[in-house]
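Engineer: Structure provided below as structure tokens; questions to follow.
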Amino acid sequence: MVHNLGSDHRYILGPESAHVNISGISGLATKTSYAMFLIQSILQKTTEEEKKKLAIVILNVKHGDLLQINQKREQKFSAEEMEMWKALGVEPQPFPSDNVHYYLPRGRDGRHPNSFLVPDIYQTYAYELESTADKLDLLFAQIPDTYFTLESIISEIKEGIRNNEPDFRNVHSWTNLLSGKPLFDPTTHSAVKEWRGIKGSSIGVFRRHMRRMVQVGQSGIFVDARSTHEKSLGEEILKIRGGHVYVVDIAHLYEHEQMLVFGDLLKSVYSLKADPPEDRTEPIPEKVIFFVDELNKYAPAGPRPSPLTELVLEIAERGRSLGVILISAQQFMSAVHPRVTGNCATKSL
């Protein structure tokens, strides 16, 4: 495939077919290295005009390996290795520094990012309630909800905040949501007995999960108000440009936070392509490549897909027509939802 990428990229980026899935045992970042080589090959074997129409979003899920893709390798290649690069028609070079953007999660102290490695130039991201309300279901991706009670509460909160309903006029932060009306009664210091037909016991369960995720057991990305230097990832993705690479670090985050960030990125990319912002003046990239490792965490095989899995399925099944291409990796292909891997035209084992 790589030897003739100039023509075969039609089966990765479309229009013939799309998406790549890589499987293999863990160790030495082999799967990640192959994916990065594949992306570099695509960039080097497309014309300058085509590059300007292609944006890349990369999720860094392990250590700091992908937070230095604009750095040149210190160790020199051997003559034999250089011959292999030459035979493939690809130069062993880093991604251009001017076109690489790093986004690191906010740390607990608000002064330093929560990352294994800090590049020279980066931006910090964080989540406050008002820009996260329509993504709350992503936080609950791994929490059982047999009777769809949590889903009902989340739906009511989404609508209430979005429409500025009377119940939510004073709900502007995580603290407001968890420690005030409509879900909590400050006079009794407990969850309300009933709200919109939902029992107080169910609201109590929701509040306990939310407190654990955004207050007690969080890494620092949840804030009542973002500072001027802290970005909203969703808003940043809506501004992506062709010819640029965006690396988002989630390696140090808790699992529920990783779920939120990954889903936020997918939602934003999908929204950008399916329903572009009316105030955008720059051309929208014709193709957006999205690379994620450990896909089995976000789209596991199972009978009932979570909201996050549904997003991945949407990209896998409709992405080619929108120009959104998924390059993914995991140890065992069988651990990933079969509709995701089934829609990947290229599989590497």
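In the structure tokens, each chain is lettered A, B, ... as it comes, each chain's residues begin at 1, and ligands are numbered from 1 in order of appearance.
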List the neighbours of A:Ser271 out to 10 Å using only C-alpha atoms; skip same-chain residues closer than 5 positions along the sequence, and give me the result as a list in words.
Structural biologist: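 Listed by chain and then number, they are Gly234, Ile237, Leu238, Leu265, Leu266, Pro276 and Pro277 of chain A.
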Engineer: Sorted by chain and rising residue number, list the residues of stretch 203-300 of chain A at most 6 Å from stretch 314-332 of chain A (counting only C-alpha atoms), each with its closest atom pair and distance in Å to one decimal, as CSV.
Structural biologist:
residue,atom,partner,partner_atom,distance
A:Lys287,CA,A:Gly323,CA,4.5
A:Val288,CA,A:Val324,CA,4.9
A:Ile289,CA,A:Ile325,CA,4.7
A:Phe290,CA,A:Leu326,CA,5.0
A:Phe291,CA,A:Ile327,CA,4.7
A:Val292,CA,A:Ser328,CA,5.0
A:Asp293,CA,A:Ala329,CA,4.7
A:Glu294,CA,A:Gln330,CA,4.6
A:Leu295,CA,A:Gln330,CA,5.7
Engineer: Kindly save the residues from that selection, with N, CA and C atoms included, as a compact mmCIF listing (two decimals), in the first residue's frame.
Structural biologist:
# COMPACT_ATOMS: atom_id res chain seq x y z
N LYS A 287 -10.58 17.52 3.58
CA LYS A 287 -10.37 16.26 4.28
C LYS A 287 -9.83 16.55 5.68
N VAL A 288 -10.32 15.80 6.66
CA VAL A 288 -9.79 15.86 8.02
C VAL A 288 -9.43 14.44 8.45
N ILE A 289 -8.14 14.21 8.70
CA ILE A 289 -7.69 12.90 9.19
C ILE A 289 -7.69 12.94 10.71
N PHE A 290 -8.27 11.93 11.32
CA PHE A 290 -8.35 11.84 12.78
C PHE A 290 -7.63 10.57 13.21
N PHE A 291 -6.53 10.70 13.99
CA PHE A 291 -5.80 9.51 14.45
C PHE A 291 -5.99 9.31 15.94
N VAL A 292 -6.40 8.10 16.33
CA VAL A 292 -6.54 7.75 17.74
C VAL A 292 -6.06 6.33 17.99
N ASP A 293 -5.28 6.18 19.07
CA ASP A 293 -4.84 4.85 19.51
C ASP A 293 -5.81 4.36 20.59
N GLU A 294 -5.75 3.06 20.89
CA GLU A 294 -6.61 2.45 21.91
C GLU A 294 -8.09 2.66 21.61
N LEU A 295 -8.46 2.45 20.35
CA LEU A 295 -9.85 2.68 19.93
C LEU A 295 -10.83 1.82 20.69
Engineer: Closest to A:Ala345 among A:Ala251, A:Arg10, A:Ala18, A:Ala301, using only C-alpha atoms?
Structural biologist: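 Looking only at the distances to A:Ala345, the closest residue turns out to be A:Ala18.
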Engineer: When you look at A:Ala126 with a cut-off of 8 Å (counting only C-alpha atoms), what residues show up, excluding the ones that are within fewer than 5 positions of it in the same chain? I need them as a PDB file with C-alpha atoms, in the first residue's frame.
Structural biologist:
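Output saved as out02.pdb:
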ATOM      1  CA  PRO A 105      -5.024  19.728  29.484  1.00  0.00           C
ATOM      2  CA  ARG A 106      -5.191  22.224  32.334  1.00  0.00           C
ATOM      3  CA  GLY A 220      -7.965  19.779  36.723  1.00  0.00           C
ATOM      4  CA  ILE A 221      -9.750  20.249  33.378  1.00  0.00           C
ATOM      5  CA  PHE A 222     -13.152  21.053  34.915  1.00  0.00           C
ATOM      6  CA  VAL A 223     -13.463  24.683  35.991  1.00  0.00           C
ATOM      7  CA  ARG A 226     -12.140  29.323  32.045  1.00  0.00           C
ATOM      8  CA  GLU A 230      -7.628  28.419  28.592  1.00  0.00           C
ATOM      9  CA  LYS A 231      -9.264  27.274  25.371  1.00  0.00           C
ATOM     10  CA  SER A 232     -12.437  25.403  24.530  1.00  0.00           C
ATOM     11  CA  LEU A 233     -11.389  22.458  22.355  1.00  0.00           C
TER      12      LEU A 233
END
Engineer: Please identify which residues in stretch 112-306 of chain A DSSP calls helix (DSSP H, G or I) from the backbone, and express them as a ChimeraX atom specification.
Structural biologist: /A:129-139,149-162,166-168,174-179,200-216,233-237,255-274,295-298
Engineer: Which polymer residues have any atom within 8 Å of an atom of stretch 167-178 of chain A, counting only C-alpha atoms, with same-chain residues fewer than 2 positions away left out, as number ranges by chain?
Structural biologist: A: 128-130, 160-161, 164-165, 180-184, 207, 210-211, 214, 223-225
Engineer: Using the selection just defined, write its residues with C-alpha atoms as a PDB file, in the first residue's frame.
Structural biologist:
ATOM      1  CA  GLU A 128     -16.692  24.796  32.033  1.00  0.00           C
ATOM      2  CA  LEU A 129     -20.373  23.850  32.280  1.00  0.00           C
ATOM      3  CA  GLU A 130     -21.980  26.106  29.687  1.00  0.00           C
ATOM      4  CA  GLY A 160     -32.613  23.635  30.272  1.00  0.00           C
ATOM      5  CA  ILE A 161     -29.203  25.238  29.859  1.00  0.00           C
ATOM      6  CA  ASN A 164     -32.135  29.272  29.380  1.00  0.00           C
ATOM      7  CA  GLU A 165     -35.228  27.838  31.061  1.00  0.00           C
ATOM      8  CA  GLY A 180     -28.143  24.520  43.994  1.00  0.00           C
ATOM      9  CA  LYS A 181     -31.563  24.287  42.417  1.00  0.00           C
ATOM     10  CA  PRO A 182     -33.090  22.608  40.482  1.00  0.00           C
ATOM     11  CA  LEU A 183     -31.263  19.369  41.465  1.00  0.00           C
ATOM     12  CA  PHE A 184     -30.207  20.209  45.012  1.00  0.00           C
ATOM     13  CA  ARG A 207     -25.239  14.064  41.446  1.00  0.00           C
ATOM     14  CA  MET A 210     -21.165  14.127  38.575  1.00  0.00           C
ATOM     15  CA  ARG A 211     -19.432  15.190  41.802  1.00  0.00           C
ATOM     16  CA  VAL A 214     -16.023  16.964  37.820  1.00  0.00           C
ATOM     17  CA  VAL A 223     -13.463  24.683  35.991  1.00  0.00           C
ATOM     18  CA  ASP A 224     -16.330  26.950  36.993  1.00  0.00           C
ATOM     19  CA  ALA A 225     -14.916  29.584  34.619  1.00  0.00           C
TER      20      ALA A 225
END
Engineer: Pick out each residue of stretch 35-229 of chain A that DSSP on the backbone tags as strand (DSSP E or B); I need them as a list in words.
Structural biologist: Leu54, Ala55, Ile56, Val57, Ile58, Leu59, Asn60, Val100, His101, Tyr102, Tyr103, Leu104, Pro105, Arg106, Pro113, Gln123, Thr124, Tyr125, Tyr127, Phe184, Asp185, Ser190, Ala191, Glu194, Trp195, Ile198, Lys199 and Phe222 of chain A
Engineer: Would you mind listing what lies within 12 Å of A:Asp145 as a ChimeraX atom specification, with only C-alpha atoms counted and same-chain residues fewer than 4 positions away left out?
Structural biologist: /A:137,140-141,149-154,202,205-206,209,304,306-307
Engineer: Would you mind exporting the chosen residues as a PDB file, in the first residue's frame, restricted to N, CA and C atoms?
Structural biologist:
ATOM      1  N   ASP A 137     -23.497  13.614  28.159  1.00  0.00           N
ATOM      2  CA  ASP A 137     -23.687  12.177  27.983  1.00  0.00           C
ATOM      3  C   ASP A 137     -22.375  11.452  27.754  1.00  0.00           C
ATOM      4  N   PHE A 140     -20.765  10.010  30.807  1.00  0.00           N
ATOM      5  CA  PHE A 140     -21.433   8.833  31.375  1.00  0.00           C
ATOM      6  C   PHE A 140     -21.311   7.613  30.454  1.00  0.00           C
ATOM      7  N   ALA A 141     -20.365   7.657  29.521  1.00  0.00           N
ATOM      8  CA  ALA A 141     -20.247   6.585  28.517  1.00  0.00           C
ATOM      9  C   ALA A 141     -20.022   5.212  29.138  1.00  0.00           C
ATOM     10  N   THR A 149     -32.577   6.315  33.147  1.00  0.00           N
ATOM     11  CA  THR A 149     -32.893   7.420  34.056  1.00  0.00           C
ATOM     12  C   THR A 149     -31.852   8.530  33.962  1.00  0.00           C
ATOM     13  N   LEU A 150     -30.575   8.145  33.958  1.00  0.00           N
ATOM     14  CA  LEU A 150     -29.508   9.141  33.857  1.00  0.00           C
ATOM     15  C   LEU A 150     -29.605   9.880  32.527  1.00  0.00           C
ATOM     16  N   GLU A 151     -29.939   9.134  31.482  1.00  0.00           N
ATOM     17  CA  GLU A 151     -30.100   9.750  30.161  1.00  0.00           C
ATOM     18  C   GLU A 151     -31.198  10.812  30.188  1.00  0.00           C
ATOM     19  N   SER A 152     -32.285  10.539  30.905  1.00  0.00           N
ATOM     20  CA  SER A 152     -33.392  11.501  31.000  1.00  0.00           C
ATOM     21  C   SER A 152     -32.950  12.765  31.730  1.00  0.00           C
ATOM     22  N   ILE A 153     -32.210  12.595  32.821  1.00  0.00           N
ATOM     23  CA  ILE A 153     -31.734  13.755  33.584  1.00  0.00           C
ATOM     24  C   ILE A 153     -30.791  14.595  32.737  1.00  0.00           C
ATOM     25  N   ILE A 154     -29.868  13.937  32.042  1.00  0.00           N
ATOM     26  CA  ILE A 154     -28.909  14.650  31.192  1.00  0.00           C
ATOM     27  C   ILE A 154     -29.640  15.421  30.100  1.00  0.00           C
ATOM     28  N   SER A 202     -32.957   9.002  42.115  1.00  0.00           N
ATOM     29  CA  SER A 202     -32.250   8.983  40.827  1.00  0.00           C
ATOM     30  C   SER A 202     -31.413  10.243  40.646  1.00  0.00           C
ATOM     31  N   VAL A 205     -28.287   9.822  42.596  1.00  0.00           N
ATOM     32  CA  VAL A 205     -27.294   8.984  41.889  1.00  0.00           C
ATOM     33  C   VAL A 205     -26.560   9.814  40.843  1.00  0.00           C
ATOM     34  N   PHE A 206     -27.316  10.598  40.083  1.00  0.00           N
ATOM     35  CA  PHE A 206     -26.692  11.461  39.061  1.00  0.00           C
ATOM     36  C   PHE A 206     -25.705  12.428  39.701  1.00  0.00           C
ATOM     37  N   HIS A 209     -22.422  10.762  40.796  1.00  0.00           N
ATOM     38  CA  HIS A 209     -21.529  10.506  39.653  1.00  0.00           C
ATOM     39  C   HIS A 209     -20.884  11.808  39.174  1.00  0.00           C
ATOM     40  N   ARG A 304     -24.914  -2.790  23.201  1.00  0.00           N
ATOM     41  CA  ARG A 304     -25.564  -1.483  23.325  1.00  0.00           C
ATOM     42  C   ARG A 304     -24.517  -0.369  23.244  1.00  0.00           C
ATOM     43  N   SER A 306     -22.543   3.031  23.444  1.00  0.00           N
ATOM     44  CA  SER A 306     -22.642   4.234  24.265  1.00  0.00           C
ATOM     45  C   SER A 306     -22.752   5.447  23.345  1.00  0.00           C
ATOM     46  N   PRO A 307     -23.072   6.639  23.891  1.00  0.00           N
ATOM     47  CA  PRO A 307     -23.111   7.845  23.052  1.00  0.00           C
ATOM     48  C   PRO A 307     -21.791   8.099  22.330  1.00  0.00           C
TER      49      PRO A 307
END
